[in-house]
file data.cif (mmCIF, C-alpha atoms)
data_target
#
loop_
_atom_site.label_atom_id
_atom_site.label_comp_id
_atom_site.auth_asym_id
_atom_site.auth_seq_id
_atom_site.Cartn_x
_atom_site.Cartn_y
_atom_site.Cartn_z
CA MET A 1 1.62 -13.59 8.09
CA ALA A 2 -0.05 -11.05 10.37
CA LEU A 3 -0.71 -7.46 9.36
CA LYS A 4 -0.37 -5.02 12.20
CA GLY A 5 -0.56 -1.26 12.30
CA ASN A 6 -2.37 1.91 13.21
CA LEU A 7 -5.41 3.31 11.44
CA ARG A 8 -3.71 6.70 11.44
CA ASP A 9 -1.20 5.33 8.90
CA PHE A 10 -3.41 2.87 7.06
CA ASN A 11 -7.13 3.58 7.24
CA SER A 12 -10.10 1.19 7.13
CA THR A 13 -10.73 1.78 3.43
CA GLN A 14 -7.14 0.94 2.57
CA LEU A 15 -7.29 -2.16 4.78
CA LEU A 16 -10.43 -3.42 3.07
CA ASN A 17 -8.85 -2.73 -0.30
CA LEU A 18 -5.79 -4.78 0.67
CA VAL A 19 -7.91 -7.70 1.91
CA SER A 20 -10.08 -7.58 -1.20
CA LEU A 21 -7.29 -7.35 -3.77
CA ALA A 22 -5.11 -9.95 -2.05
CA LYS A 23 -8.21 -12.19 -1.66
CA LYS A 24 -7.29 -12.78 1.96
CA THR A 25 -8.89 -15.22 4.36
CA GLY A 26 -8.68 -14.43 8.06
CA SER A 27 -9.80 -12.17 10.85
CA MET A 28 -9.24 -8.46 11.41
CA HIS A 29 -9.37 -7.06 14.90
CA LEU A 30 -9.60 -3.27 15.18
CA GLU A 31 -9.48 -1.30 18.39
CA THR A 32 -10.17 2.33 19.08
CA ASN A 33 -11.02 4.34 22.18
CA GLY A 34 -13.80 2.49 23.95
CA ASP A 35 -14.74 0.06 21.20
CA PHE A 36 -13.39 -2.80 19.13
CA ALA A 37 -14.51 -4.59 15.98
CA ASN A 38 -13.96 -8.05 14.57
CA LEU A 39 -14.25 -8.68 10.86
CA PHE A 40 -13.87 -12.03 9.15
CA PHE A 41 -13.00 -12.50 5.50
CA LYS A 42 -12.98 -15.42 3.10
CA GLU A 43 -11.08 -15.07 -0.16
CA GLY A 44 -11.34 -11.30 0.00
CA LYS A 45 -15.05 -11.17 0.85
CA LEU A 46 -16.42 -9.97 4.18
CA ILE A 47 -18.32 -12.83 5.82
CA LYS A 48 -18.97 -11.60 9.35
CA ALA A 49 -18.62 -8.36 11.28
CA ASN A 50 -19.39 -7.14 14.76
CA THR A 51 -18.26 -4.63 17.34
CA GLN A 52 -18.08 -4.60 21.11
CA LYS A 53 -21.12 -2.33 21.20
CA HIS A 54 -22.98 -4.35 18.57
CA PRO A 55 -22.04 -8.01 19.07
CA GLY A 56 -24.27 -9.06 16.19
CA ARG A 57 -26.38 -11.83 17.70
CA LEU A 58 -28.96 -12.96 15.16
CA ALA A 59 -31.92 -12.33 17.48
CA ASP A 60 -30.77 -8.74 18.12
CA ILE A 61 -30.16 -8.12 14.42
CA LEU A 62 -33.63 -9.37 13.47
CA TYR A 63 -35.27 -7.43 16.29
CA GLU A 64 -33.46 -4.22 15.28
CA ALA A 65 -34.58 -4.84 11.70
CA GLY A 66 -38.20 -5.13 12.85
CA LYS A 67 -38.49 -8.81 11.92
CA LEU A 68 -39.15 -10.00 15.49
CA THR A 69 -41.65 -8.73 18.06
CA PRO A 70 -40.70 -8.10 21.73
CA GLU A 71 -42.68 -11.24 22.66
CA GLN A 72 -40.77 -13.33 20.14
CA MET A 73 -37.50 -11.91 21.50
CA GLN A 74 -38.56 -12.89 25.00
CA ALA A 75 -39.33 -16.42 23.88
CA ILE A 76 -35.96 -16.67 22.15
CA SER A 77 -34.13 -15.44 25.27
CA ARG A 78 -35.39 -18.55 27.05
CA HIS A 79 -33.23 -20.61 24.66
CA ALA A 80 -30.05 -18.65 25.20
CA ASN A 81 -27.85 -21.63 24.39
CA LEU A 82 -29.03 -21.78 20.76
CA THR A 83 -26.37 -20.91 18.21
CA ASP A 84 -27.18 -18.30 15.56
CA LYS A 85 -27.34 -20.96 12.87
CA ALA A 86 -29.69 -23.18 14.89
CA LEU A 87 -31.86 -20.19 15.79
CA GLY A 88 -32.03 -19.14 12.16
CA ILE A 89 -33.15 -22.62 11.09
CA ASP A 90 -35.79 -22.70 13.86
CA LEU A 91 -37.14 -19.27 12.90
CA ILE A 92 -37.38 -20.23 9.23
CA LYS A 93 -39.04 -23.56 10.06
CA SER A 94 -41.50 -21.78 12.33
CA ARG A 95 -42.17 -19.31 9.49
CA ILE A 96 -41.42 -16.39 11.76
CA VAL A 97 -38.90 -15.04 9.29
CA SER A 98 -37.80 -16.06 5.81
CA GLN A 99 -34.27 -16.95 4.75
CA GLN A 100 -34.26 -13.75 2.73
CA ASP A 101 -35.14 -11.74 5.88
CA ILE A 102 -32.12 -13.22 7.64
CA VAL A 103 -29.74 -12.66 4.72
CA HIS A 104 -30.93 -9.10 4.19
CA SER A 105 -30.85 -8.15 7.89
CA VAL A 106 -27.41 -9.66 8.54
CA LYS A 107 -26.05 -7.99 5.42
CA GLU A 108 -27.38 -4.59 6.52
CA PHE A 109 -25.91 -5.14 9.99
CA MET A 110 -22.50 -6.00 8.53
CA LEU A 111 -22.57 -2.94 6.28
CA ASN A 112 -23.43 -0.67 9.21
CA VAL A 113 -20.56 -2.13 11.23
CA VAL A 114 -18.07 -1.54 8.41
CA TYR A 115 -19.38 1.96 7.65
CA SER A 116 -18.99 2.85 11.33
CA LEU A 117 -15.30 1.92 11.07
CA PHE A 118 -14.70 4.60 8.47
CA SER A 119 -14.95 7.23 11.19
CA TRP A 120 -12.23 5.56 13.26
CA ALA A 121 -9.28 7.82 12.54
CA GLU A 122 -7.15 6.42 15.36
CA GLY A 123 -6.72 2.89 16.62
CA THR A 124 -4.88 -0.33 16.00
CA PHE A 125 -5.55 -3.19 13.61
CA LEU A 126 -4.36 -6.77 13.46
CA PHE A 127 -5.13 -9.12 10.60
CA GLN A 128 -4.52 -12.80 11.25
CA GLN A 129 -4.38 -15.12 8.31
CA GLY A 130 -6.62 -18.19 8.20
CA ILE A 131 -8.83 -17.48 11.24
CA LEU A 132 -12.51 -18.01 10.45
CA PRO A 133 -15.67 -17.53 12.53
CA SER A 134 -17.26 -20.46 14.33
CA ALA A 135 -19.12 -22.98 12.18
CA ASP A 136 -22.24 -22.09 14.21
CA ASP A 137 -22.22 -18.50 13.02
CA ILE A 138 -24.25 -17.23 10.10
CA ILE A 139 -21.98 -16.28 7.27
CA ILE A 140 -23.01 -13.99 4.42
CA PRO A 141 -20.31 -13.24 1.80
CA LEU A 142 -20.23 -9.55 0.94
CA ASN A 143 -18.32 -8.12 -2.00
CA LEU A 144 -16.12 -5.31 -0.71
CA ASP A 145 -15.96 -3.15 -3.86
CA ASN A 146 -19.12 -1.20 -3.07
CA VAL A 147 -18.22 -0.96 0.61
CA ILE A 148 -14.84 0.54 -0.27
CA LEU A 149 -16.41 2.99 -2.70
CA GLU A 150 -18.94 4.08 -0.09
CA GLY A 151 -16.19 4.39 2.54
CA SER A 152 -14.14 6.59 0.25
CA ARG A 153 -17.14 8.79 -0.46
CA ARG A 154 -17.41 9.45 3.27
CA ILE A 155 -13.86 10.77 3.51
CA GLN A 156 -13.94 14.47 4.22
CA GLU A 157 -10.27 15.05 4.98
CA HIS A 158 -8.75 17.22 2.34
CA GLU A 159 -5.23 16.46 3.60
CA ARG A 160 -5.58 12.70 3.19
CA LEU A 161 -6.74 13.14 -0.39
CA MET A 162 -3.91 15.56 -1.11
CA GLU A 163 -1.38 13.01 0.10
CA GLU A 164 -2.85 10.26 -2.03
CA LEU A 165 -3.22 12.40 -5.15
CA PRO A 166 -0.83 15.30 -4.81
CA ASP A 167 -0.48 16.67 -8.32
CA LEU A 168 -3.47 16.26 -10.62
CA ASP A 169 -1.61 17.82 -13.55
CA VAL A 170 0.85 14.96 -13.92
CA LEU A 171 -1.41 11.97 -13.33
CA ALA A 172 -3.68 10.20 -15.76
CA LEU A 173 -6.00 7.26 -15.14
CA LYS A 174 -6.34 3.80 -16.59
CA VAL A 175 -9.41 1.62 -16.11
CA THR A 176 -8.41 -1.79 -14.72
CA ASP A 177 -9.81 -5.09 -15.93
CA LYS A 178 -12.05 -5.37 -12.87
CA PRO A 179 -15.66 -5.81 -14.06
CA LEU A 180 -17.79 -2.74 -13.39
CA ARG A 181 -21.17 -4.42 -13.72
CA ASP A 182 -21.55 -5.32 -10.02
CA VAL A 183 -20.24 -2.02 -8.73
CA LYS A 184 -22.66 0.72 -7.74
CA LEU A 185 -21.19 3.79 -9.41
CA THR A 186 -22.76 7.22 -9.06
CA PRO A 187 -23.49 9.40 -12.11
CA ASP A 188 -20.42 11.50 -11.14
CA ASP A 189 -18.25 8.35 -11.09
CA TRP A 190 -19.48 7.49 -14.58
CA ARG A 191 -18.81 11.01 -15.83
CA VAL A 192 -15.21 10.69 -14.68
CA ILE A 193 -14.82 7.20 -16.15
CA SER A 194 -16.18 8.36 -19.49
CA HIS A 195 -13.37 10.95 -19.72
CA ILE A 196 -10.53 8.56 -18.90
CA HIS A 197 -8.04 8.56 -21.72
CA PRO A 198 -4.24 7.97 -21.74
CA ARG A 199 -3.70 11.61 -22.74
CA ASN A 200 -6.04 13.18 -20.16
CA THR A 201 -4.59 14.23 -16.82
CA ILE A 202 -6.88 14.13 -13.81
CA ALA A 203 -6.89 17.94 -13.82
CA GLN A 204 -8.15 17.90 -17.43
CA ILE A 205 -10.86 15.37 -16.54
CA ALA A 206 -11.96 17.61 -13.64
CA GLN A 207 -12.20 20.54 -16.01
CA ALA A 208 -14.17 18.53 -18.56
CA VAL A 209 -16.72 17.32 -16.01
CA ASN A 210 -16.79 20.66 -14.19
CA MET A 211 -15.61 19.44 -10.79
CA ASP A 212 -13.37 21.13 -8.27
CA GLU A 213 -10.17 19.48 -7.03
CA PHE A 214 -11.74 18.13 -3.86
CA GLN A 215 -14.62 16.49 -5.74
CA ILE A 216 -12.44 14.82 -8.35
CA ARG A 217 -9.91 13.70 -5.73
CA LYS A 218 -12.69 12.03 -3.73
CA ILE A 219 -14.04 10.21 -6.75
CA VAL A 220 -10.65 9.11 -8.05
CA TYR A 221 -9.52 8.08 -4.57
CA GLY A 222 -12.61 5.90 -4.17
CA MET A 223 -12.15 4.21 -7.52
CA LEU A 224 -8.45 3.70 -6.81
CA GLN A 225 -9.22 2.10 -3.46
CA ALA A 226 -11.80 -0.17 -5.06
CA GLY A 227 -9.24 -1.17 -7.70
CA LEU A 228 -11.38 0.14 -10.56
CA VAL A 229 -8.73 2.52 -11.90
CA GLU A 230 -4.95 2.83 -11.73
CA LEU A 231 -2.78 5.91 -11.82
CA THR A 232 -0.57 6.30 -14.83
CA LYS A 233 1.60 8.92 -16.47
CA PRO A 234 -0.22 10.87 -19.20
CA GLU A 235 0.86 9.84 -22.67
CA GLY A 236 3.70 12.00 -23.94
CA ALA A 237 4.44 13.48 -20.51
CA LYS A 238 8.02 13.95 -19.41
CA PRO A 239 9.09 12.89 -15.92
CA LYS A 240 8.95 15.76 -13.50
CA ARG A 241 12.15 17.12 -11.99
CA GLN A 242 10.93 17.54 -8.49
CA LEU A 243 13.75 19.30 -6.71
CA SER A 244 15.80 20.88 -9.45
CA ALA A 245 14.32 24.29 -8.72
CA ARG A 246 16.04 24.10 -5.39
CA PHE A 247 19.36 24.20 -7.22
CA GLY A 248 18.27 26.93 -9.57
CA GLY A 249 18.49 24.55 -12.49
CA LYS A 250 16.08 24.44 -15.40
CA LYS A 251 16.36 20.78 -16.23
CA ASP A 252 13.09 19.56 -17.60
CA VAL A 253 14.19 16.36 -19.26
CA ALA A 254 14.98 13.52 -16.91
CA PRO A 255 18.18 11.68 -17.71
CA GLN A 256 17.83 8.10 -18.89
CA GLY A 257 20.82 7.00 -16.84
CA PRO A 258 24.36 6.70 -18.18
CA ALA A 259 25.05 5.05 -21.52
CA VAL A 260 26.33 1.74 -20.30
CA LYS A 261 26.94 -1.25 -22.50
CA ARG A 262 25.14 -4.50 -21.96
CA SER A 263 28.48 -6.22 -21.37
CA VAL A 264 29.10 -3.98 -18.33
CA ILE A 265 25.83 -5.08 -16.74
CA GLU A 266 26.66 -8.72 -17.48
CA ARG A 267 30.05 -8.28 -15.78
CA LEU A 268 28.32 -6.77 -12.75
CA ILE A 269 25.93 -9.71 -12.60
CA THR A 270 28.74 -12.26 -12.84
CA ARG A 271 30.72 -10.53 -10.10
CA ILE A 272 27.83 -10.09 -7.68
CA LYS A 273 26.84 -13.72 -8.11
CA ARG A 274 30.35 -14.65 -6.96
CA ILE A 275 30.39 -12.48 -3.81
CA MET B 1 38.82 2.66 -14.97
CA GLN B 2 35.04 2.76 -15.50
CA THR B 3 32.78 3.40 -12.55
CA VAL B 4 29.05 2.81 -12.36
CA LYS B 5 26.68 3.56 -9.52
CA MET B 6 23.45 2.47 -7.95
CA VAL B 7 21.45 4.30 -5.33
CA VAL B 8 19.76 2.80 -2.29
CA THR B 9 16.96 4.93 -0.93
CA GLY B 10 13.98 4.66 1.39
CA PRO B 11 12.51 6.18 4.52
CA TYR B 12 14.30 6.80 7.76
CA SER B 13 15.48 3.58 9.45
CA ALA B 14 14.54 1.33 6.50
CA GLY B 15 17.99 -0.30 6.55
CA LYS B 16 19.87 1.54 3.78
CA THR B 17 23.17 1.82 5.64
CA GLN B 18 22.98 -1.84 6.64
CA PHE B 19 22.20 -2.88 3.06
CA ILE B 20 25.37 -1.23 1.76
CA ARG B 21 27.44 -2.39 4.73
CA THR B 22 26.45 -6.01 4.06
CA ILE B 23 27.63 -6.08 0.46
CA SER B 24 30.41 -3.47 0.27
CA GLU B 25 34.00 -4.67 0.12
CA ILE B 26 35.19 -1.57 1.96
CA ASP B 27 34.04 -0.25 5.30
CA VAL B 28 31.11 1.92 4.37
CA VAL B 29 31.99 5.57 4.28
CA SER B 30 29.13 6.80 6.36
CA THR B 31 28.08 10.26 7.42
CA GLU B 32 26.14 9.23 10.48
CA ARG B 33 25.37 11.56 13.35
CA LYS B 34 23.86 10.90 16.73
CA ILE B 35 20.13 11.52 16.80
CA THR B 36 19.05 14.19 19.19
CA ALA B 37 15.33 14.62 18.48
CA GLN B 38 13.39 12.40 20.85
CA ALA B 39 10.73 11.61 18.24
CA GLU B 40 13.29 10.14 15.89
CA ARG B 41 15.05 7.93 18.42
CA ILE B 42 14.22 4.63 16.75
CA LYS B 43 17.95 4.15 16.37
CA ASP B 44 20.98 5.93 17.79
CA GLN B 45 22.49 7.29 14.61
CA THR B 46 21.26 8.43 11.22
CA THR B 47 22.82 9.18 7.85
CA VAL B 48 22.98 12.91 7.17
CA ALA B 49 24.65 13.15 3.75
CA MET B 50 25.13 9.72 2.23
CA ASP B 51 26.56 6.24 2.67
CA PHE B 52 29.12 5.05 0.24
CA GLY B 53 30.12 1.46 -0.55
CA ARG B 54 32.17 -0.16 -3.29
CA ILE B 55 32.30 -3.46 -5.16
CA THR B 56 35.28 -3.98 -7.48
CA ILE B 57 34.05 -5.87 -10.53
CA ASP B 58 37.39 -6.36 -12.28
CA ASP B 59 40.55 -4.45 -13.15
CA ASP B 60 38.71 -1.72 -14.96
CA LEU B 61 35.18 -1.65 -13.57
CA VAL B 62 33.95 -0.57 -10.14
CA LEU B 63 30.39 -0.40 -8.80
CA TYR B 64 29.63 2.28 -6.23
CA LEU B 65 26.63 2.07 -3.98
CA PHE B 66 25.21 5.28 -2.58
CA GLY B 67 22.73 5.35 0.26
CA THR B 68 20.57 8.42 0.65
CA PRO B 69 19.84 10.10 3.96
CA GLY B 70 16.41 8.99 5.14
CA GLN B 71 15.29 12.09 6.98
CA ARG B 72 13.40 14.70 5.00
CA ARG B 73 15.58 17.59 6.14
CA PHE B 74 18.51 16.09 4.23
CA ASP B 75 16.59 15.49 1.02
CA PHE B 76 18.56 18.18 -0.81
CA MET B 77 21.18 15.42 -1.21
CA TRP B 78 18.86 13.08 -3.09
CA GLU B 79 19.01 14.62 -6.53
CA ILE B 80 22.77 15.02 -6.38
CA LEU B 81 23.19 11.35 -5.55
CA THR B 82 20.99 10.18 -8.39
CA GLU B 83 23.00 11.80 -11.17
CA GLY B 84 24.33 9.14 -13.49
CA MET B 85 22.90 6.17 -11.59
CA LEU B 86 22.21 2.87 -13.37
CA GLY B 87 19.18 2.23 -11.25
CA PHE B 88 17.90 2.44 -7.70
CA VAL B 89 16.52 0.32 -4.90
CA VAL B 90 13.74 1.61 -2.64
CA LEU B 91 13.89 -0.05 0.76
CA ILE B 92 10.76 -0.36 2.84
CA ASP B 93 10.70 -1.05 6.55
CA SER B 94 8.17 -3.89 6.43
CA VAL B 95 7.36 -3.69 10.13
CA ARG B 96 6.58 0.04 10.29
CA PRO B 97 3.40 0.85 8.35
CA GLU B 98 3.73 4.45 9.51
CA THR B 99 6.62 4.79 7.02
CA PHE B 100 4.81 3.31 3.99
CA ARG B 101 3.43 6.64 2.81
CA GLU B 102 6.87 8.20 3.07
CA ALA B 103 8.32 5.27 1.09
CA LYS B 104 5.79 5.80 -1.67
CA HIS B 105 6.58 9.52 -1.71
CA ILE B 106 10.32 8.85 -2.01
CA LEU B 107 9.67 6.33 -4.77
CA GLU B 108 7.70 8.90 -6.76
CA ILE B 109 10.38 11.57 -6.28
CA PHE B 110 13.13 9.24 -7.48
CA ARG B 111 11.06 8.19 -10.49
CA GLY B 112 10.91 11.86 -11.32
CA TYR B 113 14.68 12.25 -11.17
CA ALA B 114 15.54 9.72 -13.83
CA GLU B 115 13.88 7.13 -16.02
CA THR B 116 16.16 4.40 -14.77
CA PRO B 117 14.98 0.96 -13.67
CA TYR B 118 14.25 0.45 -10.01
CA ILE B 119 13.04 -2.20 -7.65
CA VAL B 120 11.37 -2.17 -4.26
CA ALA B 121 12.82 -4.28 -1.44
CA ALA B 122 10.70 -5.15 1.59
CA ASN B 123 13.29 -5.19 4.34
CA LYS B 124 13.17 -6.85 7.79
CA GLN B 125 11.33 -9.90 6.47
CA ASP B 126 12.92 -11.90 9.29
CA LEU B 127 10.79 -10.06 11.86
CA PRO B 128 7.44 -11.58 12.92
CA ASP B 129 5.29 -8.52 12.12
CA ALA B 130 6.75 -7.92 8.66
CA TRP B 131 4.22 -7.18 5.92
CA SER B 132 4.75 -9.49 2.94
CA PRO B 133 6.00 -8.11 -0.40
CA ASP B 134 2.61 -8.92 -1.96
CA ASP B 135 0.75 -6.94 0.69
CA LEU B 136 3.20 -4.06 0.37
CA ARG B 137 2.66 -3.96 -3.39
CA ILE B 138 -1.06 -3.42 -2.81
CA ALA B 139 -0.59 -1.06 0.14
CA LEU B 140 1.82 1.16 -1.79
CA LYS B 141 0.01 0.70 -5.13
CA ILE B 142 3.16 -0.43 -6.89
CA ASP B 143 2.66 -1.32 -10.53
CA ARG B 144 2.76 -5.01 -11.41
CA SER B 145 5.67 -4.36 -13.77
CA VAL B 146 7.91 -3.33 -10.83
CA LYS B 147 9.59 -6.04 -8.79
CA VAL B 148 8.87 -6.07 -5.05
CA LEU B 149 11.32 -8.42 -3.35
CA PRO B 150 11.73 -9.75 0.17
CA LEU B 151 14.89 -8.56 1.92
CA VAL B 152 16.87 -9.05 5.10
CA ALA B 153 19.53 -6.36 4.84
CA THR B 154 21.84 -8.11 7.30
CA ASP B 155 21.95 -11.20 5.06
CA LYS B 156 24.44 -11.07 2.20
CA GLU B 157 22.55 -13.53 -0.01
CA SER B 158 19.38 -11.52 0.36
CA VAL B 159 21.16 -8.26 -0.53
CA LYS B 160 22.86 -9.96 -3.50
CA GLN B 161 19.50 -11.14 -4.77
CA VAL B 162 18.08 -7.61 -4.67
CA LEU B 163 21.06 -6.17 -6.56
CA LEU B 164 20.92 -8.98 -9.11
CA GLU B 165 17.22 -8.42 -9.72
CA LEU B 166 17.89 -4.72 -10.26
CA LEU B 167 20.62 -5.60 -12.76
CA TYR B 168 18.25 -7.99 -14.57
CA SER B 169 15.72 -5.16 -14.76
CA ILE B 170 18.40 -2.90 -16.21
CA LEU B 171 19.20 -5.54 -18.84
CA GLU B 172 15.52 -5.95 -19.70
CA ASN B 173 15.24 -2.18 -20.01
CA MET B 174 18.12 -2.15 -22.48
CA GLU B 175 16.33 -4.67 -24.68
CA GLU B 176 13.18 -2.54 -24.94
#
call {"tool": "encode", "arguments": {"input": "data.cif", "output": "structure tokens"}}
result
Amino acid sequence: MALKGNLRDFNSTQLLNLVSLAKKTGSMHLETNGDFANLFFKEGKLIKANTQKHPGRLADILYEAGKLTPEQMQAISRHANLTDKALGIDLIKSRIVSQQDIVHSVKEFMLNVVYSLFSWAEGTFLFQQGILPSADDIIIPLNLDNVILEGSRRIQEHERLMEELPDLDVLALKVTDKPLRDVKLTPDDWRVISHIHPRNTIAQIAQAVNMDEFQIRKIVYGMLQAGLVELTKPEGAKPKRQLSARFGGKKDVAPQGPAVKRSVIERLITRIKRI
Amino acid sequence: MQTVKMVVTGPYSAGKTQFIRTISEIDVVSTERKITAQAERIKDQTTVAMDFGRITIDDDLVLYLFGTPGQRRFDFMWEILTEGMLGFVVLIDSVRPETFREAKHILEIFRGYAETPYIVAANKQDLPDAWSPDDLRIALKIDRSVKVLPLVATDKESVKQVLLELLYSILENMEE
């Protein structure tokens, strides 16, 4: 099943979060004014990334990373038909670069590609299930948690954060069962995590760690996107009557629904089954 | 005669009127008006107050289905419609990601109205670009305890399944 949309409605961070949590395998094509990007994923991990402006050929990546000299680049260009994988093997065998050099440089390149996408506020995306890069490409699996966290840290739009986390007084946080050991959390992230409690609203956490609303929203948004925390209702809180003020009412206890007997529901079920 | 009601809500053009029309035994009492604003011309007509459908259960029990208006400027109707409901269904237009945020917002507002069970139905699953219920759950950050079901609002069996699942959730809620 394809996923299609506009980055205006569903941004790159949210897309990566979806791919990561759903452990998707496939390709994502993103297009914005004057550039496009192709990302490939396997079971929720990024395995290859490039853009129109940065096609991500191994020789270019290694040259940009300072692992190849201009002379070596010139020699490589004479064997233009070599695939990335074959070139990588040749370079390692010739002891020009190490396997670690290749892994590190390709990883850095992929990260830079993904980070550049976070500034794409407009554009289209299309995810196609099951499509993988060529077997001749170099594939480095990259865990998306840290990428998502970093992407969220780069968000500067107050409005976006307000939409995601409108009312900090009525929301609490719950740490998910996702392991934190491989995630690069900042000291501020840890300060917030250490104050998570079923009774604490996000506003109370912000107060405790001495952060303003924008700061705490950014941190919570990042951890939400990375699936490290979930939003929950603070313990003992009553549901909020959102529009009752409009009617001049002072209802502050939400109704539980009408007192209906179990037998009524069973009759409804029986009838609807027969329609 | 006892009457009970359920509410069908969701963003503009998510398929609420169609959902009720498919299952109601009466012609849906609809308050549709022609759309004039160019930006909203995804369809010709929209619900301005509510849709109203009925399913007679037996001689002394009737189920009413109320559909909310999808456009924000008619949201003053929402709270009125929710009074006394057994539960509610939030419809999502699975092919229009631009409405997902609005769907989530509506869901949160309705949760605030009443602590009744609800389910989310991913409509238009027969269209090629439809997002799957699993993807929508992640995209809208819907808790694992809430059912997210596939739906084709023009298909009676599909609508029945959504209503049945809501009723099962209501039963489960009674046991807690």
call {"tool": "resolve_selection", "arguments": {"input": "data.cif", "expression": "the PyMOL selection byres ((chain A and resi 91) around 12)", "output": "PDB file with C-alpha atoms, in the frame of the given file"}}
result
ATOM      1  CA  LEU A  58     -28.960 -12.960  15.160  1.00  0.00           C
ATOM      2  CA  ALA A  59     -31.920 -12.330  17.480  1.00  0.00           C
ATOM      3  CA  LEU A  62     -33.630  -9.370  13.470  1.00  0.00           C
ATOM      4  CA  LYS A  67     -38.490  -8.810  11.920  1.00  0.00           C
ATOM      5  CA  LEU A  68     -39.150 -10.000  15.490  1.00  0.00           C
ATOM      6  CA  GLN A  72     -40.770 -13.330  20.140  1.00  0.00           C
ATOM      7  CA  MET A  73     -37.500 -11.910  21.500  1.00  0.00           C
ATOM      8  CA  ALA A  75     -39.330 -16.420  23.880  1.00  0.00           C
ATOM      9  CA  ILE A  76     -35.960 -16.670  22.150  1.00  0.00           C
ATOM     10  CA  LEU A  82     -29.030 -21.780  20.760  1.00  0.00           C
ATOM     11  CA  ASP A  84     -27.180 -18.300  15.560  1.00  0.00           C
ATOM     12  CA  LYS A  85     -27.340 -20.960  12.870  1.00  0.00           C
ATOM     13  CA  ALA A  86     -29.690 -23.180  14.890  1.00  0.00           C
ATOM     14  CA  LEU A  87     -31.860 -20.190  15.790  1.00  0.00           C
ATOM     15  CA  GLY A  88     -32.030 -19.140  12.160  1.00  0.00           C
ATOM     16  CA  ILE A  89     -33.150 -22.620  11.090  1.00  0.00           C
ATOM     17  CA  ASP A  90     -35.790 -22.700  13.860  1.00  0.00           C
ATOM     18  CA  ILE A  92     -37.380 -20.230   9.230  1.00  0.00           C
ATOM     19  CA  LYS A  93     -39.040 -23.560  10.060  1.00  0.00           C
ATOM     20  CA  SER A  94     -41.500 -21.780  12.330  1.00  0.00           C
ATOM     21  CA  ARG A  95     -42.170 -19.310   9.490  1.00  0.00           C
ATOM     22  CA  ILE A  96     -41.420 -16.390  11.760  1.00  0.00           C
ATOM     23  CA  VAL A  97     -38.900 -15.040   9.290  1.00  0.00           C
ATOM     24  CA  SER A  98     -37.800 -16.060   5.810  1.00  0.00           C
ATOM     25  CA  GLN A  99     -34.270 -16.950   4.750  1.00  0.00           C
ATOM     26  CA  GLN A 100     -34.260 -13.750   2.730  1.00  0.00           C
ATOM     27  CA  ASP A 101     -35.140 -11.740   5.880  1.00  0.00           C
ATOM     28  CA  ILE A 102     -32.120 -13.220   7.640  1.00  0.00           C
TER      29      ILE A 102
END
call {"tool": "residues_near_point", "arguments": {"input": "data.cif", "point": "(-6.0, -16.5, 2.9)", "cutoff": "10 Å", "atoms": "only C-alpha atoms", "output": "PyMOL selection string"}}
result
chain A and resi 1+19+22-27+41-44+128-131
call {"tool": "write_last_selection", "arguments": {"input": "data.cif", "atoms": "C-alpha atoms", "output": "PDB file, in the coordinates of the input"}}
result
ATOM      1  CA  MET A   1       1.620 -13.590   8.090  1.00  0.00           C
ATOM      2  CA  VAL A  19      -7.910  -7.700   1.910  1.00  0.00           C
ATOM      3  CA  ALA A  22      -5.110  -9.950  -2.050  1.00  0.00           C
ATOM      4  CA  LYS A  23      -8.210 -12.190  -1.660  1.00  0.00           C
ATOM      5  CA  LYS A  24      -7.290 -12.780   1.960  1.00  0.00           C
ATOM      6  CA  THR A  25      -8.890 -15.220   4.360  1.00  0.00           C
ATOM      7  CA  GLY A  26      -8.680 -14.430   8.060  1.00  0.00           C
ATOM      8  CA  SER A  27      -9.800 -12.170  10.850  1.00  0.00           C
ATOM      9  CA  PHE A  41     -13.000 -12.500   5.500  1.00  0.00           C
ATOM     10  CA  LYS A  42     -12.980 -15.420   3.100  1.00  0.00           C
ATOM     11  CA  GLU A  43     -11.080 -15.070  -0.160  1.00  0.00           C
ATOM     12  CA  GLY A  44     -11.340 -11.300   0.000  1.00  0.00           C
ATOM     13  CA  GLN A 128      -4.520 -12.800  11.250  1.00  0.00           C
ATOM     14  CA  GLN A 129      -4.380 -15.120   8.310  1.00  0.00           C
ATOM     15  CA  GLY A 130      -6.620 -18.190   8.200  1.00  0.00           C
ATOM     16  CA  ILE A 131      -8.830 -17.480  11.240  1.00  0.00           C
TER      17      ILE A 131
END
call {"tool": "residues_around", "arguments": {"input": "data.cif", "residues": "B:Gly15", "least_positions_apart": "4", "cutoff": "8 Å", "atoms": "all atoms listed in the file", "output": "PyMOL selection string"}}
result
chain B and resi 19+91+93+123+153
call {"tool": "atom_distance", "arguments": {"input": "data.cif", "atom1": "atom CA of A:Ser152", "atom2": "atom CA of A:Ile216"}}
result
12.0 Å
call {"tool": "closest_residue", "arguments": {"input": "data.cif", "among": "B:Thr22, B:His105, B:Ala130, B:Glu98", "to": "B:Lys160", "atoms": "all atoms listed in the file"}}
result
B:Thr22
call {"tool": "residues_near_point", "arguments": {"input": "data.cif", "point": "(-16.8, 13.1, -21.6)", "cutoff": "12 Å", "atoms": "only C-alpha atoms", "output": "count of residues only"}}
result
18
call {"tool": "closest_residue", "arguments": {"input": "data.cif", "among": "B:Asn173, B:Ser24, B:Thr99, B:Ser94", "to": "B:Pro150", "atoms": "only C-alpha atoms"}}
result
B:Ser94
call {"tool": "interface_residues", "arguments": {"input": "data.cif", "of": "chain B", "to": "chain A", "cutoff": "9 Å", "atoms": "all atoms listed in the file", "output": "ChimeraX atom specification"}}
result
/B:4,23,55-58,61-63,76,78-79,83-87,95-101,105,109-117,128-132,134-135,138-139,141,143,156-157,160-161,163-164,167-168,170-171,174
